[in-house]
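Visitor: Take a look at this one; I'll ask things after.
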Amino acid sequence: MNTFQAAIYGIIHGFVEFLPVSAEAHDAFLATILSWPIPEGIFAGSLSLGAFLTLLVYFRHDWASIFSSLLQLIFLRKKPQALDEHMPFFILITTLPTVAVYFILKEYQAFLQPSTELVILSLVVFSFPLWLAHYFSRQNKKIYDWSIKDCFVLGLFQLLLFVPGAGRHAAVFTGALFLNYRKDEAAKFIFFTYAPITFLETYLLLKPIDWQSESAAHGLSWMSFSVATATTFFFGLIVLNAFLKGIQKKNFNGIVYYRVLIAIGLGVTYWLKTTA
């Protein structure tokens with residue numbers, strides 16, 4: 001993976017990582033149309049690191065408040081009352097099913113590996129529930145209405161991130177809308193719950209790295225590694241900020257149409273490549 005490829009992948013990831021459009025689909029599309037390698041291993045870890053840093057920096061004030069509240073609960077032995085005091089437990093309940101299932105499925109590597117056909121199918125199939133949930137949702141709940149039951153239900157929807165092409169956030173937004181939460185209120189909590197998952201993913205992908213080596217991995221220089229992380233972080237901040245500010249004013253129809261178009265584009269490109 002050269003530096004130019006790393007920069008392009010980083011830019012694409014920065015744009016799509018925090019949108020319900022499936023980063024895997026864009027990886028597959030880019031790799032298919034340009035005959036590039038699909039991000040995996042340590043290079044995928046560099047992209048994941050950029051995404052995690054985006055969440056860490058963008059929500060830095062929220063993390064400080066949540067962490068401070070958690071420390072008060074631990075050392076002062078208080079009962080959680082304010083939202084920030086409940087938030088660590090809500091995040092834990094939502095992310096626990098995903099973490100548990102990951103460690104159960106990690107032995108089955110074939111299940112976790114995306115295929116172009118599955119990505120195309122998932123892009124289309126999981127667009128319909130997102131549209132349906134948005135159309136019928138009353139969106140009358142706010143972030144203060146979160147409950148343990150809602151968090152657990154959202155955690156079950158989050159398990160769909162294991163299906164390549166479904167989209168990391170599409171499934172969770174679908175669940176939140178079915179639970180009648182406002183899109184803007186749900187989005188912030190969804191990104192809160194995504195942070196520990198991204199951290200775990202980054203840790204596991206970068207665990208084999210030798211930080212004293214002359215290169216990050218075979219065929220991946222430290223320059224390419226750094227560029228991928230930096231571009232994902234920079235463009236992720238821009239997109240995340242724009243998405244959170246405009247999400248309540250717009251519906252998800254554009255997202256659904258875009259997912260279908262990407263599926264068609266990927267399907268046509270894949271067919272042309274395989275029949276050439």
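Lettering and numbering for the structure tokens are positional, with chains as A, B, ... in the shown order, residues counted from 1 in each chain, and ligands counted from 1 in the shown order.
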List as a PyMOL selection string the protein and nucleic acid residues near segment 18-31 of chain A, meaning an atom at most 7 Å away when only C-alpha atoms are counted, but skip any in the same chain fewer than 3 places from it.
Guide: chain A and resi 13+34-38+116+119+164-170+240+255+259+266
Visitor: Can those selected residues be exported to a file as a short mmCIF file (atom, residue, chain, number, x, y, z; two decimals), in the first residue's frame so that it contains C-alpha atoms?
Guide:
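What follows is the written file selection39.cif:
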```
data_model
loop_
_atom_site.label_atom_id
_atom_site.label_comp_id
_atom_site.auth_asym_id
_atom_site.auth_seq_id
_atom_site.Cartn_x
_atom_site.Cartn_y
_atom_site.Cartn_z
CA HIS A 13 -12.94 6.48 5.20
CA LEU A 34 -8.82 0.54 -9.28
CA SER A 35 -7.51 -3.00 -8.66
CA TRP A 36 -6.13 -1.92 -5.31
CA PRO A 37 -5.75 -4.16 -2.24
CA ILE A 38 -8.64 -4.04 0.23
CA THR A 116 -18.26 -8.44 -2.95
CA VAL A 119 -21.58 -6.42 0.37
CA PRO A 164 -20.33 -6.88 5.59
CA GLY A 165 -22.07 -4.09 3.70
CA ALA A 166 -24.86 -3.57 6.22
CA GLY A 167 -23.15 -0.43 7.50
CA ARG A 168 -21.91 0.10 11.03
CA HIS A 169 -24.32 2.92 11.75
CA ALA A 170 -27.22 2.05 9.46
CA LEU A 240 -18.99 14.15 11.67
CA ILE A 255 -28.76 7.89 2.26
CA ARG A 259 -26.59 2.98 -0.80
CA LEU A 266 -20.13 -2.01 -7.30
#
```
Visitor: Might you pull out every residue within 8 Å of Thr202 of chain A, with only C-alpha atoms counted and same-chain residues fewer than 4 positions away left off, and present them as a list of chain:residue names?
Guide: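 Close residues of Thr202 of chain A: A:Gly45, A:Ser46, A:Ser48, A:Leu49, A:Phe52, A:Thr198, A:Leu206.
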Visitor: Would you mind exporting the chosen residues as a PDB file, in the first residue's frame, restricted to all heavy atoms?
Guide:
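Below is the file that was written, out.pdb:
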```
ATOM      1  N   GLY A  45      -6.002  -1.038  10.547  1.00  0.00           N
ATOM      2  CA  GLY A  45      -5.848  -0.480  11.885  1.00  0.00           C
ATOM      3  C   GLY A  45      -5.523   0.994  11.867  1.00  0.00           C
ATOM      4  O   GLY A  45      -5.965   1.751  12.745  1.00  0.00           O
ATOM      5  N   SER A  46      -4.755   1.441  10.879  1.00  0.00           N
ATOM      6  CA  SER A  46      -4.433   2.871  10.781  1.00  0.00           C
ATOM      7  C   SER A  46      -5.689   3.685  10.492  1.00  0.00           C
ATOM      8  O   SER A  46      -5.857   4.794  11.011  1.00  0.00           O
ATOM      9  CB  SER A  46      -3.381   3.102   9.696  1.00  0.00           C
ATOM     10  OG  SER A  46      -3.908   2.869   8.402  1.00  0.00           O
ATOM     11  N   SER A  48      -8.766   2.720  11.312  1.00  0.00           N
ATOM     12  CA  SER A  48      -9.564   2.631  12.528  1.00  0.00           C
ATOM     13  C   SER A  48      -9.038   3.577  13.604  1.00  0.00           C
ATOM     14  O   SER A  48      -9.812   4.194  14.343  1.00  0.00           O
ATOM     15  CB  SER A  48      -9.551   1.189  13.048  1.00  0.00           C
ATOM     16  OG  SER A  48     -10.359   1.043  14.189  1.00  0.00           O
ATOM     17  N   LEU A  49      -7.713   3.713  13.675  1.00  0.00           N
ATOM     18  CA  LEU A  49      -7.105   4.644  14.626  1.00  0.00           C
ATOM     19  C   LEU A  49      -7.538   6.073  14.329  1.00  0.00           C
ATOM     20  O   LEU A  49      -7.852   6.849  15.246  1.00  0.00           O
ATOM     21  CB  LEU A  49      -5.580   4.523  14.565  1.00  0.00           C
ATOM     22  CG  LEU A  49      -4.778   5.494  15.437  1.00  0.00           C
ATOM     23  CD1 LEU A  49      -5.121   5.312  16.911  1.00  0.00           C
ATOM     24  CD2 LEU A  49      -3.278   5.322  15.203  1.00  0.00           C
ATOM     25  N   PHE A  52     -11.080   6.494  15.539  1.00  0.00           N
ATOM     26  CA  PHE A  52     -11.157   6.579  16.995  1.00  0.00           C
ATOM     27  C   PHE A  52     -10.702   7.946  17.494  1.00  0.00           C
ATOM     28  O   PHE A  52     -11.326   8.536  18.383  1.00  0.00           O
ATOM     29  CB  PHE A  52     -10.300   5.480  17.632  1.00  0.00           C
ATOM     30  CG  PHE A  52     -10.218   5.578  19.130  1.00  0.00           C
ATOM     31  CD1 PHE A  52     -11.331   5.314  19.915  1.00  0.00           C
ATOM     32  CD2 PHE A  52      -9.041   5.965  19.757  1.00  0.00           C
ATOM     33  CE1 PHE A  52     -11.278   5.418  21.297  1.00  0.00           C
ATOM     34  CE2 PHE A  52      -8.977   6.074  21.128  1.00  0.00           C
ATOM     35  CZ  PHE A  52     -10.097   5.793  21.903  1.00  0.00           C
ATOM     36  N   THR A 198     -14.644   0.962  18.358  1.00  0.00           N
ATOM     37  CA  THR A 198     -13.546   1.397  17.496  1.00  0.00           C
ATOM     38  C   THR A 198     -12.212   1.245  18.205  1.00  0.00           C
ATOM     39  O   THR A 198     -11.206   0.862  17.591  1.00  0.00           O
ATOM     40  CB  THR A 198     -13.741   2.865  17.074  1.00  0.00           C
ATOM     41  OG1 THR A 198     -15.067   3.045  16.590  1.00  0.00           O
ATOM     42  CG2 THR A 198     -12.761   3.254  15.980  1.00  0.00           C
ATOM     43  N   LEU A 206      -3.900  -3.363  15.482  1.00  0.00           N
ATOM     44  CA  LEU A 206      -2.532  -2.854  15.629  1.00  0.00           C
ATOM     45  C   LEU A 206      -1.695  -3.650  16.624  1.00  0.00           C
ATOM     46  O   LEU A 206      -0.511  -3.352  16.810  1.00  0.00           O
ATOM     47  CB  LEU A 206      -2.566  -1.378  16.052  1.00  0.00           C
ATOM     48  CG  LEU A 206      -3.206  -0.400  15.068  1.00  0.00           C
ATOM     49  CD1 LEU A 206      -3.075   1.028  15.585  1.00  0.00           C
ATOM     50  CD2 LEU A 206      -2.572  -0.525  13.688  1.00  0.00           C
TER      51      LEU A 206
END
```
Visitor: Can you list, as an MDAnalysis selection string, every residue of segment 7-212 of chain A that DSSP puts in helix (DSSP H, G or I)?
Guide: chainID A and resid 7:16 23:34 41:58 60:76 83:105 109:112 116:125 127:136 143:145 148:162 170:178 183:206
Visitor: Go through A:Leu179, A:Leu220, A:Trp146, A:Lys188 and flag the residue nearest Phe4 of chain A, using only C-alpha atoms for the distances.
Guide: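 Closest candidate: A:Leu220.
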Visitor: Grab the atom CA of Ile66 of chain A to atom CA of Ile247 of chain A distance for me, in Å with one decimal place.
Guide: 23.8 Å
Visitor: Counting only C-alpha atoms, which of A:Ala171, A:Leu160, A:Thr229, A:Ser213 gets nearest to Ser127 of chain A?
Guide: A:Ala171
Visitor: Near Ile197 of chain A, within 12 Å and counting only C-alpha atoms, which residues show up once chain neighbours fewer than 2 positions away are dropped, as a compact mmCIF listing (two decimals) with all heavy atoms, in the first residue's frame?
Guide:
```txt
# COMPACT_ATOMS: atom_id res chain seq x y z
N SER A 48 -8.77 2.72 11.31
CA SER A 48 -9.56 2.63 12.53
C SER A 48 -9.04 3.58 13.60
O SER A 48 -9.81 4.19 14.34
CB SER A 48 -9.55 1.19 13.05
OG SER A 48 -10.36 1.04 14.19
N LEU A 49 -7.71 3.71 13.67
CA LEU A 49 -7.10 4.64 14.63
C LEU A 49 -7.54 6.07 14.33
O LEU A 49 -7.85 6.85 15.25
CB LEU A 49 -5.58 4.52 14.56
CG LEU A 49 -4.78 5.49 15.44
CD1 LEU A 49 -5.12 5.31 16.91
CD2 LEU A 49 -3.28 5.32 15.20
N ALA A 51 -10.30 7.01 12.90
CA ALA A 51 -11.71 7.13 13.27
C ALA A 51 -11.86 7.28 14.79
O ALA A 51 -12.66 8.09 15.28
CB ALA A 51 -12.49 5.92 12.78
N PHE A 52 -11.08 6.49 15.54
CA PHE A 52 -11.16 6.58 17.00
C PHE A 52 -10.70 7.95 17.49
O PHE A 52 -11.33 8.54 18.38
CB PHE A 52 -10.30 5.48 17.63
CG PHE A 52 -10.22 5.58 19.13
CD1 PHE A 52 -11.33 5.31 19.91
CD2 PHE A 52 -9.04 5.97 19.76
CE1 PHE A 52 -11.28 5.42 21.30
CE2 PHE A 52 -8.98 6.07 21.13
CZ PHE A 52 -10.10 5.79 21.90
N LEU A 55 -13.48 10.50 17.10
CA LEU A 55 -14.49 10.43 18.17
C LEU A 55 -13.93 10.98 19.48
O LEU A 55 -14.64 11.66 20.23
CB LEU A 55 -14.95 8.98 18.36
CG LEU A 55 -15.72 8.37 17.19
CD1 LEU A 55 -15.91 6.87 17.41
CD2 LEU A 55 -17.08 9.05 17.03
N ILE A 91 -23.70 2.92 27.75
CA ILE A 91 -22.72 2.57 26.72
C ILE A 91 -22.29 1.12 26.88
O ILE A 91 -22.18 0.37 25.89
CB ILE A 91 -21.51 3.51 26.79
CG1 ILE A 91 -21.92 4.94 26.41
CG2 ILE A 91 -20.39 3.03 25.87
CD1 ILE A 91 -20.83 5.97 26.60
N LEU A 92 -22.06 0.70 28.11
CA LEU A 92 -21.64 -0.68 28.38
C LEU A 92 -22.69 -1.68 27.93
O LEU A 92 -22.38 -2.67 27.26
CB LEU A 92 -21.35 -0.85 29.88
CG LEU A 92 -20.97 -2.27 30.33
CD1 LEU A 92 -19.65 -2.69 29.70
CD2 LEU A 92 -20.88 -2.33 31.85
N THR A 94 -25.02 -1.30 25.72
CA THR A 94 -25.19 -1.29 24.26
C THR A 94 -24.06 -2.01 23.55
O THR A 94 -24.28 -2.71 22.55
CB THR A 94 -25.29 0.16 23.74
OG1 THR A 94 -26.33 0.85 24.44
CG2 THR A 94 -25.61 0.18 22.26
N THR A 95 -22.84 -1.85 24.03
CA THR A 95 -21.68 -2.41 23.33
C THR A 95 -21.35 -3.84 23.75
O THR A 95 -20.67 -4.56 23.00
CB THR A 95 -20.43 -1.54 23.57
OG1 THR A 95 -20.19 -1.43 24.97
CG2 THR A 95 -20.63 -0.15 22.98
N LEU A 96 -21.83 -4.27 24.91
CA LEU A 96 -21.49 -5.60 25.41
C LEU A 96 -21.87 -6.73 24.46
O LEU A 96 -21.06 -7.64 24.24
CB LEU A 96 -22.13 -5.82 26.79
CG LEU A 96 -21.59 -6.98 27.61
CD1 LEU A 96 -20.09 -6.83 27.83
CD2 LEU A 96 -22.31 -7.09 28.95
N PRO A 97 -23.08 -6.74 23.86
CA PRO A 97 -23.41 -7.82 22.92
C PRO A 97 -22.43 -7.89 21.75
O PRO A 97 -22.03 -8.98 21.33
CB PRO A 97 -24.82 -7.46 22.44
CG PRO A 97 -25.40 -6.63 23.53
CD PRO A 97 -24.24 -5.84 24.08
N THR A 98 -22.03 -6.75 21.21
CA THR A 98 -21.10 -6.73 20.07
C THR A 98 -19.75 -7.30 20.46
O THR A 98 -19.17 -8.11 19.73
CB THR A 98 -20.92 -5.29 19.56
OG1 THR A 98 -22.19 -4.78 19.16
CG2 THR A 98 -19.98 -5.26 18.38
N VAL A 99 -19.23 -6.90 21.61
CA VAL A 99 -17.93 -7.39 22.07
C VAL A 99 -17.99 -8.90 22.32
O VAL A 99 -17.10 -9.65 21.93
CB VAL A 99 -17.50 -6.65 23.35
CG1 VAL A 99 -16.21 -7.25 23.91
CG2 VAL A 99 -17.30 -5.16 23.06
N ALA A 100 -19.07 -9.34 22.96
CA ALA A 100 -19.22 -10.77 23.27
C ALA A 100 -19.29 -11.60 22.00
O ALA A 100 -18.61 -12.63 21.87
CB ALA A 100 -20.47 -10.99 24.12
N TYR A 102 -18.20 -10.80 19.04
CA TYR A 102 -16.93 -10.75 18.32
C TYR A 102 -15.99 -11.85 18.81
O TYR A 102 -15.38 -12.57 18.01
CB TYR A 102 -16.25 -9.39 18.46
CG TYR A 102 -14.84 -9.42 17.92
CD1 TYR A 102 -14.61 -9.31 16.55
CD2 TYR A 102 -13.75 -9.61 18.77
CE1 TYR A 102 -13.33 -9.37 16.03
CE2 TYR A 102 -12.46 -9.67 18.25
CZ TYR A 102 -12.27 -9.56 16.89
OH TYR A 102 -10.99 -9.64 16.39
N GLY A 155 -28.24 -2.48 21.24
CA GLY A 155 -27.08 -3.37 21.18
C GLY A 155 -27.32 -4.55 20.27
O GLY A 155 -26.40 -5.01 19.58
N GLN A 158 -26.98 -3.40 16.81
CA GLN A 158 -25.57 -3.14 16.52
C GLN A 158 -24.84 -4.39 16.06
O GLN A 158 -23.80 -4.30 15.39
CB GLN A 158 -24.90 -2.56 17.76
CG GLN A 158 -23.59 -1.86 17.49
CD GLN A 158 -23.06 -1.17 18.73
OE1 GLN A 158 -22.82 -1.80 19.75
NE2 GLN A 158 -22.89 0.14 18.65
N LEU A 159 -25.36 -5.56 16.37
CA LEU A 159 -24.73 -6.81 15.96
C LEU A 159 -24.68 -6.95 14.44
O LEU A 159 -23.86 -7.72 13.92
CB LEU A 159 -25.49 -8.00 16.56
CG LEU A 159 -25.40 -8.16 18.08
CD1 LEU A 159 -26.27 -9.32 18.54
CD2 LEU A 159 -23.96 -8.37 18.51
N LEU A 161 -23.43 -5.07 12.46
CA LEU A 161 -22.17 -4.57 11.91
C LEU A 161 -21.27 -5.72 11.47
O LEU A 161 -20.31 -5.52 10.71
CB LEU A 161 -21.45 -3.66 12.91
CG LEU A 161 -20.87 -4.22 14.20
CD1 LEU A 161 -19.50 -4.86 13.99
CD2 LEU A 161 -20.74 -3.12 15.24
N ARG A 168 -22.06 0.11 9.57
CA ARG A 168 -21.91 0.10 11.03
C ARG A 168 -23.00 0.90 11.71
O ARG A 168 -23.50 0.54 12.76
CB ARG A 168 -20.55 0.68 11.40
CG ARG A 168 -19.39 -0.12 10.85
CD ARG A 168 -18.07 0.45 11.28
NE ARG A 168 -16.97 -0.33 10.72
CZ ARG A 168 -15.89 -0.66 11.39
NH1 ARG A 168 -15.76 -0.28 12.64
NH2 ARG A 168 -14.93 -1.36 10.84
N ILE A 190 -25.25 7.08 19.59
CA ILE A 190 -24.70 6.04 18.72
C ILE A 190 -23.19 6.19 18.58
O ILE A 190 -22.44 5.21 18.64
CB ILE A 190 -25.39 6.08 17.35
CG1 ILE A 190 -26.80 5.50 17.47
CG2 ILE A 190 -24.59 5.30 16.30
CD1 ILE A 190 -27.66 5.70 16.25
N PHE A 191 -22.73 7.42 18.44
CA PHE A 191 -21.29 7.64 18.32
C PHE A 191 -20.58 7.42 19.65
O PHE A 191 -19.41 7.01 19.68
CB PHE A 191 -21.01 9.04 17.77
CG PHE A 191 -21.42 9.20 16.34
CD1 PHE A 191 -22.22 10.26 15.94
CD2 PHE A 191 -21.00 8.30 15.38
CE1 PHE A 191 -22.61 10.41 14.61
CE2 PHE A 191 -21.38 8.43 14.05
CZ PHE A 191 -22.18 9.49 13.67
N PHE A 192 -21.26 7.69 20.76
CA PHE A 192 -20.70 7.35 22.07
C PHE A 192 -20.44 5.85 22.15
O PHE A 192 -19.38 5.42 22.62
CB PHE A 192 -21.66 7.76 23.19
CG PHE A 192 -21.67 9.23 23.49
CD1 PHE A 192 -22.62 9.77 24.35
CD2 PHE A 192 -20.74 10.09 22.95
CE1 PHE A 192 -22.65 11.12 24.65
CE2 PHE A 192 -20.75 11.46 23.23
CZ PHE A 192 -21.71 11.96 24.08
N THR A 193 -21.42 5.05 21.72
CA THR A 193 -21.29 3.60 21.82
C THR A 193 -20.31 3.04 20.79
O THR A 193 -19.76 1.96 20.98
CB THR A 193 -22.65 2.91 21.63
OG1 THR A 193 -23.15 3.19 20.31
CG2 THR A 193 -23.65 3.39 22.66
N TYR A 194 -20.08 3.80 19.72
CA TYR A 194 -19.16 3.35 18.69
C TYR A 194 -17.71 3.51 19.12
O TYR A 194 -16.83 2.78 18.67
CB TYR A 194 -19.43 4.13 17.40
CG TYR A 194 -18.60 3.68 16.22
CD1 TYR A 194 -18.42 2.34 15.93
CD2 TYR A 194 -18.02 4.62 15.38
CE1 TYR A 194 -17.67 1.93 14.85
CE2 TYR A 194 -17.25 4.22 14.29
CZ TYR A 194 -17.09 2.89 14.03
OH TYR A 194 -16.33 2.48 12.96
N ALA A 195 -17.44 4.46 20.02
CA ALA A 195 -16.07 4.74 20.45
C ALA A 195 -15.37 3.52 21.07
O ALA A 195 -14.25 3.18 20.66
CB ALA A 195 -16.04 5.92 21.40
N PHE A 199 -12.19 1.54 19.50
CA PHE A 199 -10.96 1.37 20.27
C PHE A 199 -10.53 -0.10 20.28
O PHE A 199 -9.36 -0.42 20.07
CB PHE A 199 -11.16 1.86 21.70
CG PHE A 199 -10.00 1.56 22.60
CD1 PHE A 199 -8.84 2.33 22.56
CD2 PHE A 199 -10.05 0.49 23.49
CE1 PHE A 199 -7.75 2.04 23.37
CE2 PHE A 199 -8.97 0.19 24.30
CZ PHE A 199 -7.81 0.97 24.25
N LEU A 200 -11.49 -1.00 20.53
CA LEU A 200 -11.17 -2.43 20.56
C LEU A 200 -10.69 -2.90 19.18
O LEU A 200 -9.71 -3.65 19.08
CB LEU A 200 -12.40 -3.23 20.99
CG LEU A 200 -12.24 -4.76 21.01
CD1 LEU A 200 -11.18 -5.16 22.01
CD2 LEU A 200 -13.57 -5.43 21.33
N GLU A 201 -11.37 -2.45 18.14
CA GLU A 201 -10.97 -2.82 16.78
C GLU A 201 -9.56 -2.32 16.48
O GLU A 201 -8.73 -3.06 15.92
CB GLU A 201 -11.96 -2.23 15.78
CG GLU A 201 -11.62 -2.53 14.33
CD GLU A 201 -12.57 -1.84 13.37
OE1 GLU A 201 -12.77 -0.61 13.51
OE2 GLU A 201 -13.10 -2.52 12.47
N THR A 202 -9.27 -1.08 16.85
CA THR A 202 -7.94 -0.51 16.61
C THR A 202 -6.87 -1.30 17.37
O THR A 202 -5.81 -1.62 16.82
CB THR A 202 -7.90 0.96 17.06
OG1 THR A 202 -8.91 1.70 16.36
CG2 THR A 202 -6.55 1.58 16.78
N TYR A 203 -7.16 -1.61 18.61
CA TYR A 203 -6.20 -2.36 19.44
C TYR A 203 -5.89 -3.72 18.83
O TYR A 203 -4.72 -4.12 18.72
CB TYR A 203 -6.75 -2.52 20.85
CG TYR A 203 -5.95 -3.49 21.70
CD1 TYR A 203 -4.72 -3.12 22.23
CD2 TYR A 203 -6.42 -4.78 21.94
CE1 TYR A 203 -3.98 -4.01 22.99
CE2 TYR A 203 -5.69 -5.67 22.70
CZ TYR A 203 -4.47 -5.29 23.22
OH TYR A 203 -3.73 -6.17 23.97
N LEU A 204 -6.92 -4.44 18.40
CA LEU A 204 -6.73 -5.78 17.87
C LEU A 204 -5.99 -5.76 16.53
O LEU A 204 -5.14 -6.61 16.26
CB LEU A 204 -8.08 -6.48 17.71
CG LEU A 204 -8.82 -6.79 19.02
CD1 LEU A 204 -10.22 -7.31 18.73
CD2 LEU A 204 -8.03 -7.82 19.83
```
Visitor: Which residues are near Ala216 of chain A? Cut-off 10 Å, only C-alpha atoms, ignore same chain within fewer than 5 positions. Put them as a short mmCIF file (atom, residue, chain, number, x, y, z; two decimals) with N, CA and C atoms, in the first residue's frame.
Guide:
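The result, written out as out.cif:
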```cif
data_model
loop_
_atom_site.label_atom_id
_atom_site.label_comp_id
_atom_site.auth_asym_id
_atom_site.auth_seq_id
_atom_site.Cartn_x
_atom_site.Cartn_y
_atom_site.Cartn_z
N ILE A 42 -2.84 -4.30 9.57
CA ILE A 42 -2.32 -3.08 10.19
C ILE A 42 -2.77 -1.83 9.43
N PHE A 43 -2.89 -1.93 8.11
CA PHE A 43 -3.37 -0.76 7.37
C PHE A 43 -4.81 -0.44 7.76
N SER A 46 -4.75 1.44 10.88
CA SER A 46 -4.43 2.87 10.78
C SER A 46 -5.69 3.69 10.49
N LEU A 206 -3.90 -3.36 15.48
CA LEU A 206 -2.53 -2.85 15.63
C LEU A 206 -1.69 -3.65 16.62
N PRO A 208 -0.32 -6.59 16.42
CA PRO A 208 0.89 -7.25 15.90
C PRO A 208 1.99 -6.28 15.49
N ILE A 209 1.75 -4.99 15.51
CA ILE A 209 2.70 -4.04 14.96
C ILE A 209 3.96 -3.96 15.82
N ASP A 210 5.09 -3.82 15.15
CA ASP A 210 6.38 -3.62 15.83
C ASP A 210 6.75 -2.15 15.67
N TRP A 211 6.57 -1.39 16.75
CA TRP A 211 6.76 0.05 16.68
C TRP A 211 8.23 0.44 16.48
N SER A 221 4.72 1.52 4.63
CA SER A 221 5.68 2.37 5.31
C SER A 221 5.01 3.14 6.44
N TRP A 222 5.83 3.68 7.33
CA TRP A 222 5.28 4.51 8.40
C TRP A 222 4.63 5.77 7.83
N MET A 223 5.15 6.26 6.71
CA MET A 223 4.56 7.43 6.07
C MET A 223 3.13 7.12 5.62
N SER A 224 2.94 5.99 4.96
CA SER A 224 1.61 5.59 4.50
C SER A 224 0.68 5.37 5.68
N PHE A 225 1.20 4.74 6.72
CA PHE A 225 0.43 4.51 7.94
C PHE A 225 -0.05 5.84 8.53
N SER A 226 0.86 6.79 8.63
CA SER A 226 0.55 8.09 9.23
C SER A 226 -0.42 8.89 8.37
#
```
Visitor: Excluding Phe178 of chain A and residues on its chain fewer than 4 positions from it, collect all residues at most 9 Å away from it, counting only C-alpha atoms, and give them as a list of chain:residue names.
Guide: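 Selected residues are A:Leu132, A:Ala133, A:His134, A:Phe136, A:Ser137, A:Arg138, A:Gln139, A:Phe173, A:Thr174.
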Visitor: Write the residues of the preceding selection, restricted to all heavy atoms, as a compact mmCIF listing (two decimals), in the first residue's frame.
Guide:
```txt
# COMPACT_ATOMS: atom_id res chain seq x y z
N LEU A 132 -37.79 2.36 6.16
CA LEU A 132 -39.06 2.04 6.83
C LEU A 132 -39.09 2.65 8.24
O LEU A 132 -40.10 3.24 8.65
CB LEU A 132 -39.23 0.52 6.91
CG LEU A 132 -40.64 -0.01 7.20
CD1 LEU A 132 -41.57 0.31 6.05
CD2 LEU A 132 -40.58 -1.52 7.44
N ALA A 133 -37.98 2.50 8.97
CA ALA A 133 -37.92 3.03 10.33
C ALA A 133 -38.04 4.55 10.33
O ALA A 133 -38.75 5.13 11.17
CB ALA A 133 -36.61 2.61 10.99
N HIS A 134 -37.39 5.20 9.38
CA HIS A 134 -37.47 6.66 9.30
C HIS A 134 -38.88 7.12 8.94
O HIS A 134 -39.37 8.12 9.46
CB HIS A 134 -36.46 7.18 8.28
CG HIS A 134 -36.40 8.67 8.21
ND1 HIS A 134 -37.21 9.40 7.37
CD2 HIS A 134 -35.64 9.57 8.89
CE1 HIS A 134 -36.96 10.69 7.53
NE2 HIS A 134 -36.01 10.82 8.44
N PHE A 136 -41.82 5.61 9.50
CA PHE A 136 -42.86 5.36 10.51
C PHE A 136 -42.49 5.86 11.91
O PHE A 136 -43.33 5.87 12.80
CB PHE A 136 -43.18 3.86 10.58
CG PHE A 136 -43.96 3.36 9.41
CD1 PHE A 136 -43.34 2.64 8.39
CD2 PHE A 136 -45.32 3.62 9.30
CE1 PHE A 136 -44.06 2.19 7.30
CE2 PHE A 136 -46.05 3.16 8.21
CZ PHE A 136 -45.43 2.45 7.21
N SER A 137 -41.24 6.24 12.12
CA SER A 137 -40.83 6.68 13.46
C SER A 137 -41.51 7.98 13.86
O SER A 137 -41.61 8.92 13.06
CB SER A 137 -39.31 6.86 13.50
OG SER A 137 -38.90 7.34 14.76
N ARG A 138 -41.95 8.04 15.11
CA ARG A 138 -42.57 9.27 15.62
C ARG A 138 -41.49 10.28 16.03
O ARG A 138 -41.78 11.48 16.14
CB ARG A 138 -43.46 8.95 16.84
CG ARG A 138 -44.66 8.10 16.49
CD ARG A 138 -45.65 8.05 17.65
NE ARG A 138 -45.08 7.42 18.83
CZ ARG A 138 -45.10 6.11 19.06
NH1 ARG A 138 -45.66 5.29 18.17
NH2 ARG A 138 -44.57 5.60 20.14
N GLN A 139 -40.29 9.80 16.31
CA GLN A 139 -39.16 10.66 16.69
C GLN A 139 -39.54 11.65 17.80
O GLN A 139 -39.27 12.85 17.71
CB GLN A 139 -38.62 11.42 15.47
CG GLN A 139 -38.02 10.52 14.41
CD GLN A 139 -37.24 11.27 13.36
OE1 GLN A 139 -36.42 12.11 13.67
NE2 GLN A 139 -37.49 10.95 12.09
N PHE A 173 -28.97 3.15 13.66
CA PHE A 173 -29.94 4.20 13.38
C PHE A 173 -31.33 3.60 13.14
O PHE A 173 -32.34 4.17 13.56
CB PHE A 173 -29.51 5.03 12.17
CG PHE A 173 -28.65 6.20 12.52
CD1 PHE A 173 -27.31 6.24 12.17
CD2 PHE A 173 -29.16 7.28 13.23
CE1 PHE A 173 -26.51 7.32 12.50
CE2 PHE A 173 -28.37 8.36 13.58
CZ PHE A 173 -27.05 8.38 13.21
N THR A 174 -31.37 2.47 12.47
CA THR A 174 -32.64 1.79 12.25
C THR A 174 -33.29 1.44 13.57
O THR A 174 -34.49 1.69 13.79
CB THR A 174 -32.44 0.51 11.41
OG1 THR A 174 -31.86 0.85 10.15
CG2 THR A 174 -33.76 -0.20 11.17
```
Visitor: For each of A:Leu70, A:Ile120, A:Val227, A:Ile12, take the minimum atom-to-atom distance to Leu83 of chain A, counting only C-alpha atoms, then give the residue where this is smallest.
Guide: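 Checking each candidate against Leu83 of chain A, we get A:Leu70 as the closest.
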Visitor: Given only C-alpha atoms as the basis, pick out the residue of A:Val101, A:Leu272, A:Ile262, A:Ala44 nearest to Phe162 of chain A.
Guide: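 Looking only at the distances to Phe162 of chain A, the closest residue turns out to be A:Val101.
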Visitor: Between atom CA of Pro80 of chain A and atom CA of Leu53 of chain A, what is the distance, to one decimal in Å?
Guide: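 Calculated distance between atom CA of Pro80 of chain A and atom CA of Leu53 of chain A is 28.1 Å.
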Visitor: My list of candidates is A:Thr54, A:Gln212, A:Asn2, A:Gln81. Which is closest to Phe233 of chain A when distances are computed with only C-alpha atoms?
Guide: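 With only C-alpha atoms as the atom set, the closest residue is A:Thr54.
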Visitor: As a PyMOL selection string, please: every residue in segment 28-220 of chain A that DSSP puts in strand (DSSP E or B).
Guide: chain A and resi 141+181+217+220
Visitor: Give me, please, the distance in Å between atom CA of Phe235 of chain A and atom CA of Ala6 of chain A, quoted to one decimal.
Guide: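 Between these atoms lies a distance of 13.6 Å.
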